[in-house]
Every structure is written in C-alpha cells, then in structure tokens.
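For reference, the structure is listed below as structure tokens.
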Amino acid sequence: MSEKDLDTRFEEAVELANTMTQASLPQDVQLRLYALYKQSTMGTIDVRVSPVYDLRNAFKMNAWLQISHLSVEEAKEEYILNINALINKK
C-alpha cells in the first residue's frame with residue numbers, strides 16, 4: 001500500500017476540520033488554521049489586494065502574513081499536523 005499524497009492528506013484534514021465547531025477551538029488556534037489553509041490554497045497573501053475593513057479581518061490577515069514564509073507544501077503539512085493534533089486531543 002502506498003502512502004497517500006500530500007493533497008489527499010490535506011483534503012482529509014480539511015474534512016476533519018469542517019466537523020469541528022468554532023466554539024471548541026481557542027481563537028488563536030482558529031487563526032492559525034485559517035492562515036495555514038489560506039497559505040495552502042492561495043499561496044502568499046498579497047497585501048496590495050487585501051484591504052482590511054474591520055478588526056476581525058485585520059487579525060486574519062496578520063495571521064496569514066505571519067506564516068507567509070511557508071511554501072504551499074509546508075503550509076499543507078503544518079495544517080495536517082495541527083488538525084491531527086487537535087483530533088488526537090479528544
């Protein structure tokens with residue numbers, strides 16, 4: 001049996017994340033997952049086309065900026081690790 005590829009493992013982690021409730025996760029964890037997801041699916045944020053209109057979006061943009069040094073593949077791996085750690089805590 002071959003090991004699953006990165007994209008398959010990422011999609012499985014996204015499916016697991018979708019079963020979690022926001023109330024069950026601290027806000028810093030939610031922001032980290034958001035940033036990793038965005039970096040994984042969209043690449044590095046372009047602040048020139050990402051206007052911030054409110055505090056909530058400013059926090060989200062800041063979280064994404066903090067991990068913008070990661071490649072798409074690194075962000076996917078980190079996302080998978082974070083989701084698996086949260087699942088295993090239960």
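Going by the structure tokens order, chains are called A, B, ..., each with residues numbered from 1, while ligands are numbered from 1 in the order shown.
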* Near region 54-67 of chain A, counting only C-alpha atoms, which residues have an atom at most 10 Å away, once you skip same-chain residues fewer than 5 positions from it, shown as a PyMOL selection string? -> chain A and resi 28+30-39+43-47+74-75
Give me, as a JSON list (two decimals) with C-alpha atoms, in the first residue's frame, all polymer residues having an atom no more than 10 Å from region 15-20 of chain A, counting only C-alpha atoms and skipping those fewer than 4 positions away in the same chain.
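This went into selection05.json:
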[["chain", "number", "residue", "atom", "x", "y", "z"],
["A", 9, "ARG", "CA", -3.97, 14.05, 3.20],
["A", 10, "PHE", "CA", -4.67, 17.80, 3.12],
["A", 11, "GLU", "CA", -8.21, 17.28, 1.81],
["A", 24, "SER", "CA", -14.44, 24.12, 20.61],
["A", 25, "LEU", "CA", -11.25, 25.85, 19.44],
["A", 33, "LEU", "CA", -5.68, 27.08, 10.96],
["A", 79, "TYR", "CA", -2.18, 22.21, 8.61],
["A", 80, "ILE", "CA", -2.37, 18.41, 8.59],
["A", 82, "ASN", "CA", -2.34, 20.77, 13.55],
["A", 83, "ILE", "CA", -5.63, 19.08, 12.67],
["A", 84, "ASN", "CA", -4.32, 15.64, 13.64],
["A", 86, "LEU", "CA", -6.48, 18.52, 17.68],
["A", 87, "ILE", "CA", -8.27, 15.29, 16.75]]
Min atom-atom distance to Leu70 (chain A) from the set A:Ala85, A:Val29, A:Tyr53, A:Ser40, counting only C-alpha atoms, belongs to A:Ser40
Using only C-alpha atoms: which of A:Lys76, A:His69, A:Arg48, A:Lys89 has the shortest distance to Ala13 (chain A):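 Among the listed residues, the smallest separation from Ala13 (chain A) belongs to A:Lys76.
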